[in-house]
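Before any comments, here is the structure.
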Amino acid sequence: MTNRNTTHQQRIARDLKARLGCGYQESLRRVREAAAAGRLPASLDSQGRAAAVELLVREAELATSPAPTPAPGPAPAPPRCLWPWNGAARLASLAPGR
């Protein structure tokens, strides 16, 4: 298989290192994981290597992007307490200070 060629993987790792700013070993690990999972292009000529780098950069950006903030809405209801005696629920429903 072409995408298991270590020379191509090393070239992709060098380019990925330059784009992401992470270490070479981390870049090579990402490339090898992608190769093992079959996510690299079948042809790793110069265009295929460039496509592989773009793919891995997008994956890295998605992995490090912050989670979307939830839309503002009503505050969630406080959790209900389970009281050990009958009638305690009426006491718990009173607002503080009453």
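Chains: A, B, ... in order of the structure tokens. Residues: from 1 per chain. Ligands: from 1, in order shown.
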
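Residues in contact with Arg11 of chain A at 10 Å, where only C-alpha atoms are counted and same-chain residues fewer than 3 positions away are skipped, are listed as Thr6, Thr7, His8, Arg14, Asp15, Leu16, Lys17, Leu28, Val31, Ser46, Arg49, Ala50 and Val53 of chain A.
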
Serialized selection, N, CA, C and O atoms, as a PDB file, in the first residue's frame:
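Output file selection-v9.pdb is given in full below:
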ATOM      1  N   THR A   6       6.877   4.737   4.646  1.00  0.00           N
ATOM      2  CA  THR A   6       7.343   5.601   5.740  1.00  0.00           C
ATOM      3  C   THR A   6       7.956   6.894   5.231  1.00  0.00           C
ATOM      4  O   THR A   6       7.881   7.913   5.908  1.00  0.00           O
ATOM      5  N   THR A   7       8.549   6.889   4.031  1.00  0.00           N
ATOM      6  CA  THR A   7       9.109   8.127   3.500  1.00  0.00           C
ATOM      7  C   THR A   7       8.012   9.152   3.261  1.00  0.00           C
ATOM      8  O   THR A   7       8.159  10.325   3.609  1.00  0.00           O
ATOM      9  N   HIS A   8       6.898   8.716   2.689  1.00  0.00           N
ATOM     10  CA  HIS A   8       5.776   9.631   2.480  1.00  0.00           C
ATOM     11  C   HIS A   8       5.221  10.105   3.817  1.00  0.00           C
ATOM     12  O   HIS A   8       4.907  11.288   3.983  1.00  0.00           O
ATOM     13  N   ARG A  14       6.583  16.167   8.407  1.00  0.00           N
ATOM     14  CA  ARG A  14       7.375  17.418   8.394  1.00  0.00           C
ATOM     15  C   ARG A  14       6.494  18.600   8.004  1.00  0.00           C
ATOM     16  O   ARG A  14       6.555  19.668   8.626  1.00  0.00           O
ATOM     17  N   ASP A  15       5.664  18.402   6.960  1.00  0.00           N
ATOM     18  CA  ASP A  15       4.781  19.485   6.532  1.00  0.00           C
ATOM     19  C   ASP A  15       3.730  19.799   7.594  1.00  0.00           C
ATOM     20  O   ASP A  15       3.395  20.961   7.828  1.00  0.00           O
ATOM     21  N   LEU A  16       3.225  18.758   8.235  1.00  0.00           N
ATOM     22  CA  LEU A  16       2.233  18.952   9.287  1.00  0.00           C
ATOM     23  C   LEU A  16       2.836  19.687  10.476  1.00  0.00           C
ATOM     24  O   LEU A  16       2.213  20.583  11.052  1.00  0.00           O
ATOM     25  N   LYS A  17       4.061  19.350  10.815  1.00  0.00           N
ATOM     26  CA  LYS A  17       4.777  20.025  11.907  1.00  0.00           C
ATOM     27  C   LYS A  17       4.908  21.513  11.610  1.00  0.00           C
ATOM     28  O   LYS A  17       4.671  22.365  12.477  1.00  0.00           O
ATOM     29  N   LEU A  28       4.190  12.890  13.357  1.00  0.00           N
ATOM     30  CA  LEU A  28       4.355  11.547  12.800  1.00  0.00           C
ATOM     31  C   LEU A  28       3.336  10.580  13.397  1.00  0.00           C
ATOM     32  O   LEU A  28       2.778   9.732  12.692  1.00  0.00           O
ATOM     33  N   VAL A  31       0.077  11.180  11.624  1.00  0.00           N
ATOM     34  CA  VAL A  31       0.118  10.656  10.262  1.00  0.00           C
ATOM     35  C   VAL A  31      -0.024   9.137  10.288  1.00  0.00           C
ATOM     36  O   VAL A  31      -0.777   8.558   9.500  1.00  0.00           O
ATOM     37  N   SER A  46       2.960  14.475  -4.715  1.00  0.00           N
ATOM     38  CA  SER A  46       3.004  15.789  -4.046  1.00  0.00           C
ATOM     39  C   SER A  46       1.601  16.319  -3.768  1.00  0.00           C
ATOM     40  O   SER A  46       1.353  16.902  -2.707  1.00  0.00           O
ATOM     41  N   ARG A  49       0.094  14.235  -0.861  1.00  0.00           N
ATOM     42  CA  ARG A  49       0.685  14.612   0.432  1.00  0.00           C
ATOM     43  C   ARG A  49       0.106  15.935   0.906  1.00  0.00           C
ATOM     44  O   ARG A  49      -0.205  16.107   2.090  1.00  0.00           O
ATOM     45  N   ALA A  50      -0.070  16.886  -0.022  1.00  0.00           N
ATOM     46  CA  ALA A  50      -0.660  18.177   0.347  1.00  0.00           C
ATOM     47  C   ALA A  50      -2.097  17.985   0.838  1.00  0.00           C
ATOM     48  O   ALA A  50      -2.515  18.608   1.823  1.00  0.00           O
ATOM     49  N   VAL A  53      -1.971  16.558   4.344  1.00  0.00           N
ATOM     50  CA  VAL A  53      -1.637  17.591   5.335  1.00  0.00           C
ATOM     51  C   VAL A  53      -2.871  18.437   5.631  1.00  0.00           C
ATOM     52  O   VAL A  53      -3.179  18.712   6.796  1.00  0.00           O
TER      53      VAL A  53
END

Item to complete: Just give me the gap between atom CA of Ile12 of chain A and atom CA of Arg29 of chain A in Å, one decimal is fine.
Response: 11.0 Å

Worksheet item: Any idea what's packed within 10 Å of Arg30 of chain A, counting only C-alpha atoms, ignoring anything in its chain fewer than 6 positions away? Could you give it as a list in words?
Response: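 What passes the distance filter is Gln9, Ile12, Ala13, Leu16, Tyr24, Ala36, Leu56, Glu59 and Ala60 of chain A.
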
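You will find atom CA of Glu61 of chain A at 22.3 Å from atom CA of Leu44 of chain A.
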
Practice prompt. Can you work out which one of A:Gln10, A:Arg39, A:Thr64, A:Pro74 has the shortest atom-to-atom distance to Ala52 of chain A, counting only C-alpha atoms?
Written response: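 Counting only C-alpha atoms, the residue closest to Ala52 of chain A is A:Arg39.
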
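Taking atom CA of Ala34 of chain A as the reference point, atom CA of Gly48 of chain A is found at 13.5 Å.
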
Discussion item. Need to verify the contact set: Ala51 of chain A, 8 Å, only C-alpha atoms, exclusion of same-chain residues closer than 4 positions in sequence. Can you return it as a list in words?
Written reply: Pro41, Gln47 and Leu55 of chain A
